[in-house]
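Working notes for the structure below.
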Amino acid sequence: MTRWIRPGSLLLLAVLLGGCVNATTDQQVFNTPEAGIGEASVVILGRRHASDYETEPDFISCVGQHISRRDDAIEIIDEITFMNALYPWFEPRTAPLRPQDIERLLSEPPVAARLAELKTEYMIWIDGRTERTDSAGSMSCGVGPGGAGCFGFGTWSSESIYEATIWDFKRRAEVGRISTSASGQSYMPAVVVPIPIIAPVQGTACDSIGDQLLQFLSAQY
């Protein structure tokens with residue numbers, strides 16, 4: 001005997017299962033500003049020196065927007081604007097990789113002058129990415145006299161792992177490190193029309209790392 005699953009039941013099941021994300025955050029801060037960063041500006045950059053991946057630009061933008069929404073007194077310099085202003089010192093092949101490189105970087109008069117003009121005191125490197133880790137299920141679609149439609153159920157897992165390293169140009173040193181990881185399960189039920197129910201894994205990682213950076217940068221937290 002074949003038992004059919006009602007479309008509403010399939011959708012309800014996916015809604016109940018979807019959207020669940022687990023996240024963890026670890027913070028190591030060495031020198032937190034006691035009254036925020038004042039009039040200094042901050043730039044957030046994504047690591048792209050590896051040949052097999054790059055930190056997603058939309059994630060970098062998400063973290064910056066998260067900080068600005070919570071504390072609009074913090075000036076976040078756009079990543080592309082900063083890289084164009086400091087060209088070619090922050091291109092993937094020439095960007096500083098270690099805190100020891102700060103001294104070398106600031107010894108370049110054009111770099112020191114441009115950073116002073118932009119009032120950039122803190123630079124935050126973010127390294128990592130979001131990946132699909134597993135998938136299961138099946139779906140079939142076809143076209144008939146009554147029109148086109150799909151039937152099936154798919155699921156996949158995603159994982160976000162990111163690390164933010166805070167550099168202080170005044171101290172010429174690394175002053176903090178924040179890491180976050182998030183994982184979740186997404187679903188795609190289909191009864192005529194596929195309905196993706198996406199677990200906000202990358203968004204959760206963005207909020208987690210953004211909140212921790214706010215504690216460092218803002219006088220309000």
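Following the order of the structure tokens, first chain is A, next is B, and so on, with residues numbered from 1 inside each chain and ligands from 1 in the order they appear.
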
inquiry  = I need the residues of chain A that end up classed as strand (DSSP E or B) by DSSP on the backbone, written out as a VMD selection string.
reply    = chain A and resid 21 to 29 34 36 41 to 46 75 to 77 120 to 144 147 to 168 173 to 194 197

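Around Ser157 in chain A, within 8 Å and counting only C-alpha atoms, the residues found are Arg132, Thr133, Asp134, Ser135, Ser183, Gly184, Gln185 and Ser186 of chain A, once anything fewer than 4 positions away on its own chain is removed.
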
inquiry  = With only C-alpha atoms as the counted atoms, please give the residues lying no more than 10 Å from Glu121 in chain A, apart from itself and same-chain residues fewer than 5 positions off, as a PyMOL selection string.
reply    = chain A and resi 37+39-43+115-116+167-172

Could you dump the residues just selected with N, CA and C atoms as a PDB file, in the first residue's frame?
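As a result, out-v9.pdb now contains:
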ATOM      1  N   ILE A  37      37.324  53.286  20.158  1.00  0.00           N
ATOM      2  CA  ILE A  37      38.434  53.683  19.283  1.00  0.00           C
ATOM      3  C   ILE A  37      38.386  55.155  18.911  1.00  0.00           C
ATOM      4  N   GLU A  39      37.936  58.575  17.223  1.00  0.00           N
ATOM      5  CA  GLU A  39      37.761  59.029  15.841  1.00  0.00           C
ATOM      6  C   GLU A  39      38.553  58.188  14.843  1.00  0.00           C
ATOM      7  N   ALA A  40      39.225  57.170  15.321  1.00  0.00           N
ATOM      8  CA  ALA A  40      39.994  56.312  14.412  1.00  0.00           C
ATOM      9  C   ALA A  40      39.041  55.494  13.537  1.00  0.00           C
ATOM     10  N   SER A  41      39.524  55.103  12.375  1.00  0.00           N
ATOM     11  CA  SER A  41      38.729  54.275  11.476  1.00  0.00           C
ATOM     12  C   SER A  41      39.234  52.843  11.495  1.00  0.00           C
ATOM     13  N   VAL A  42      38.408  51.946  10.984  1.00  0.00           N
ATOM     14  CA  VAL A  42      38.708  50.515  10.967  1.00  0.00           C
ATOM     15  C   VAL A  42      38.503  50.007   9.550  1.00  0.00           C
ATOM     16  N   VAL A  43      39.388  49.125   9.106  1.00  0.00           N
ATOM     17  CA  VAL A  43      39.175  48.459   7.834  1.00  0.00           C
ATOM     18  C   VAL A  43      39.125  46.958   8.078  1.00  0.00           C
ATOM     19  N   LEU A 115      47.523  55.918   5.409  1.00  0.00           N
ATOM     20  CA  LEU A 115      46.857  55.432   6.614  1.00  0.00           C
ATOM     21  C   LEU A 115      46.543  56.592   7.556  1.00  0.00           C
ATOM     22  N   ALA A 116      47.459  57.539   7.659  1.00  0.00           N
ATOM     23  CA  ALA A 116      47.212  58.705   8.503  1.00  0.00           C
ATOM     24  C   ALA A 116      46.061  59.544   7.959  1.00  0.00           C
ATOM     25  N   TRP A 167      44.770  43.894  14.082  1.00  0.00           N
ATOM     26  CA  TRP A 167      46.076  44.546  14.110  1.00  0.00           C
ATOM     27  C   TRP A 167      45.913  46.005  14.522  1.00  0.00           C
ATOM     28  N   ASP A 168      46.793  46.460  15.411  1.00  0.00           N
ATOM     29  CA  ASP A 168      46.806  47.840  15.885  1.00  0.00           C
ATOM     30  C   ASP A 168      48.022  48.527  15.277  1.00  0.00           C
ATOM     31  N   PHE A 169      47.788  49.533  14.416  1.00  0.00           N
ATOM     32  CA  PHE A 169      48.901  50.206  13.761  1.00  0.00           C
ATOM     33  C   PHE A 169      49.683  51.094  14.719  1.00  0.00           C
ATOM     34  N   LYS A 170      49.042  51.573  15.801  1.00  0.00           N
ATOM     35  CA  LYS A 170      49.774  52.391  16.773  1.00  0.00           C
ATOM     36  C   LYS A 170      50.749  51.531  17.564  1.00  0.00           C
ATOM     37  N   ARG A 171      50.268  50.409  18.048  1.00  0.00           N
ATOM     38  CA  ARG A 171      51.141  49.503  18.797  1.00  0.00           C
ATOM     39  C   ARG A 171      52.024  48.665  17.873  1.00  0.00           C
ATOM     40  N   ARG A 172      51.639  48.647  16.587  1.00  0.00           N
ATOM     41  CA  ARG A 172      52.361  47.853  15.589  1.00  0.00           C
ATOM     42  C   ARG A 172      52.409  46.385  16.019  1.00  0.00           C
TER      43      ARG A 172
END

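Between CA of Arg93 in chain A and CA of Phe59 in chain A lies a distance of 21.2 Å.
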
inquiry  = Among range 8-173 of chain A, which ones does DSSP assign to helix (DSSP H, G or I) (computed from the backbone)? Answer as a PyMOL selection string.
reply    = chain A and resi 8-17+57-70+79-85+101-106+109-118

Output for the residues just chosen: N, CA and C atoms as a short mmCIF file (atom, residue, chain, number, x, y, z; two decimals), in the first residue's frame:
data_model
loop_
_atom_site.label_atom_id
_atom_site.label_comp_id
_atom_site.auth_asym_id
_atom_site.auth_seq_id
_atom_site.Cartn_x
_atom_site.Cartn_y
_atom_site.Cartn_z
N GLY A 8 1.28 19.93 2.52
CA GLY A 8 1.36 20.74 3.72
C GLY A 8 2.17 20.08 4.81
N SER A 9 2.06 18.76 4.93
CA SER A 9 2.82 18.03 5.95
C SER A 9 4.31 18.06 5.64
N LEU A 10 4.64 17.91 4.34
CA LEU A 10 6.04 17.93 3.94
C LEU A 10 6.65 19.30 4.21
N LEU A 11 5.91 20.35 3.91
CA LEU A 11 6.40 21.69 4.14
C LEU A 11 6.56 21.96 5.63
N LEU A 12 5.57 21.53 6.44
CA LEU A 12 5.64 21.74 7.89
C LEU A 12 6.85 21.02 8.47
N LEU A 13 7.11 19.81 8.00
CA LEU A 13 8.27 19.06 8.48
C LEU A 13 9.55 19.81 8.18
N ALA A 14 9.68 20.35 6.99
CA ALA A 14 10.89 21.07 6.62
C ALA A 14 11.05 22.35 7.43
N VAL A 15 9.92 23.04 7.68
CA VAL A 15 9.99 24.27 8.47
C VAL A 15 10.45 23.99 9.89
N LEU A 16 9.92 22.87 10.46
CA LEU A 16 10.31 22.50 11.82
C LEU A 16 11.77 22.10 11.90
N LEU A 17 12.28 21.45 10.85
CA LEU A 17 13.66 21.00 10.87
C LEU A 17 14.64 22.07 10.43
N PRO A 57 33.81 38.07 -0.25
CA PRO A 57 33.62 39.51 -0.08
C PRO A 57 32.29 39.86 0.58
N ASP A 58 31.24 39.08 0.31
CA ASP A 58 29.94 39.39 0.92
C ASP A 58 29.95 39.14 2.43
N PHE A 59 30.79 38.22 2.89
CA PHE A 59 30.91 38.00 4.33
C PHE A 59 31.63 39.19 4.98
N ILE A 60 32.68 39.68 4.35
CA ILE A 60 33.40 40.85 4.86
C ILE A 60 32.46 42.04 4.94
N SER A 61 31.66 42.23 3.90
CA SER A 61 30.69 43.32 3.89
C SER A 61 29.65 43.14 4.99
N CYS A 62 29.22 41.90 5.22
CA CYS A 62 28.22 41.61 6.25
C CYS A 62 28.74 42.00 7.64
N VAL A 63 29.99 41.64 7.93
CA VAL A 63 30.56 41.96 9.25
C VAL A 63 30.65 43.48 9.43
N GLY A 64 31.10 44.18 8.41
CA GLY A 64 31.19 45.63 8.50
C GLY A 64 29.83 46.28 8.71
N GLN A 65 28.82 45.81 7.99
CA GLN A 65 27.47 46.36 8.14
C GLN A 65 26.90 46.05 9.52
N HIS A 66 27.19 44.87 10.03
CA HIS A 66 26.72 44.49 11.37
C HIS A 66 27.27 45.45 12.42
N ILE A 67 28.56 45.77 12.32
CA ILE A 67 29.18 46.69 13.28
C ILE A 67 28.59 48.09 13.13
N SER A 68 28.44 48.56 11.89
CA SER A 68 27.92 49.91 11.66
C SER A 68 26.48 50.06 12.15
N ARG A 69 25.67 49.02 11.97
CA ARG A 69 24.28 49.09 12.43
C ARG A 69 24.21 49.20 13.95
N ARG A 70 25.08 48.49 14.65
CA ARG A 70 25.05 48.49 16.11
C ARG A 70 25.69 49.74 16.70
N GLU A 79 36.19 47.76 1.99
CA GLU A 79 37.35 46.96 1.62
C GLU A 79 37.93 47.40 0.27
N ILE A 80 37.10 47.55 -0.74
CA ILE A 80 37.58 47.93 -2.07
C ILE A 80 38.18 49.34 -2.05
N THR A 81 37.52 50.25 -1.34
CA THR A 81 38.03 51.62 -1.22
C THR A 81 39.42 51.63 -0.60
N PHE A 82 39.60 50.83 0.45
CA PHE A 82 40.89 50.77 1.13
C PHE A 82 41.96 50.18 0.22
N MET A 83 41.64 49.09 -0.45
CA MET A 83 42.63 48.43 -1.31
C MET A 83 43.02 49.33 -2.48
N ASN A 84 42.07 50.07 -3.02
CA ASN A 84 42.40 51.00 -4.10
C ASN A 84 43.29 52.14 -3.59
N ALA A 85 43.00 52.62 -2.38
CA ALA A 85 43.77 53.72 -1.82
C ALA A 85 45.19 53.30 -1.48
N ASP A 101 55.04 42.08 9.90
CA ASP A 101 55.09 42.83 8.64
C ASP A 101 54.61 44.27 8.79
N ILE A 102 53.97 44.59 9.92
CA ILE A 102 53.44 45.95 10.10
C ILE A 102 54.56 46.98 10.06
N GLU A 103 55.68 46.67 10.74
CA GLU A 103 56.82 47.59 10.78
C GLU A 103 57.32 47.86 9.37
N ARG A 104 57.44 46.82 8.57
CA ARG A 104 57.89 46.98 7.19
C ARG A 104 56.91 47.82 6.39
N LEU A 105 55.63 47.55 6.61
CA LEU A 105 54.58 48.26 5.88
C LEU A 105 54.61 49.76 6.20
N LEU A 106 54.72 50.10 7.48
CA LEU A 106 54.68 51.51 7.88
C LEU A 106 55.98 52.24 7.56
N PRO A 109 56.80 55.36 3.12
CA PRO A 109 56.17 56.68 3.31
C PRO A 109 54.78 56.82 2.70
N PRO A 110 54.56 56.33 1.46
CA PRO A 110 53.20 56.47 0.90
C PRO A 110 52.15 55.73 1.72
N VAL A 111 52.51 54.56 2.26
CA VAL A 111 51.56 53.79 3.06
C VAL A 111 51.26 54.51 4.36
N ALA A 112 52.30 54.95 5.07
CA ALA A 112 52.11 55.65 6.33
C ALA A 112 51.26 56.91 6.15
N ALA A 113 51.53 57.65 5.06
CA ALA A 113 50.79 58.88 4.81
C ALA A 113 49.32 58.60 4.51
N ARG A 114 49.05 57.56 3.73
CA ARG A 114 47.67 57.24 3.36
C ARG A 114 46.90 56.74 4.57
N LEU A 115 47.52 55.92 5.41
CA LEU A 115 46.86 55.43 6.61
C LEU A 115 46.54 56.59 7.56
N ALA A 116 47.46 57.54 7.66
CA ALA A 116 47.21 58.71 8.50
C ALA A 116 46.06 59.54 7.96
N GLU A 117 46.01 59.67 6.63
CA GLU A 117 44.93 60.43 6.01
C GLU A 117 43.57 59.77 6.25
N LEU A 118 43.54 58.45 6.19
CA LEU A 118 42.30 57.70 6.41
C LEU A 118 41.99 57.50 7.89
#

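The gap separating CA of Ser181 in chain A from CA of Thr165 in chain A is 15.0 Å, in Å to one decimal.
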
inquiry  = Considering only C-alpha atoms, can you say which of A:Arg177, A:Pro88, A:Ile161, A:Phe151 comes closest to Glu108 in chain A?
reply    = A:Pro88

Output as a Markdown table one row per residue of range 111-166 of chain A within 12 Å of range 210-214 of chain A: the closest atom pair and its distance in Å to one decimal place, counting only C-alpha atoms, sorted by chain and residue number ascending.
| residue | atom | partner | partner_atom | distance |
| --- | --- | --- | --- | --- |
| A:Tyr122 | CA | A:Leu213 | CA | 11.3 |
| A:Met123 | CA | A:Leu213 | CA | 11.5 |
| A:Ile124 | CA | A:Leu213 | CA | 9.2 |
| A:Trp125 | CA | A:Leu213 | CA | 11.7 |
| A:Ile126 | CA | A:Gly210 | CA | 11.1 |
| A:Tyr162 | CA | A:Gly210 | CA | 11.3 |
| A:Glu163 | CA | A:Leu213 | CA | 11.3 |
| A:Ala164 | CA | A:Leu213 | CA | 8.6 |
| A:Thr165 | CA | A:Leu213 | CA | 10.0 |
| A:Ile166 | CA | A:Leu213 | CA | 8.9 |

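Shortest atom-to-atom contact with Asn22 in chain A among A:Val193, A:Met188, A:Cys206, A:Ala182: A:Ala182, counting only C-alpha atoms.
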
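When only C-alpha atoms are used to measure the gap to Gln202 in chain A, the shortest distance among A:Glu174, A:Gly152, A:Ser158, A:Thr24 belongs to A:Ser158.
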
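The gap separating CA of Ala190 in chain A from CA of Cys141 in chain A is 9.3 Å, in Å to one decimal.
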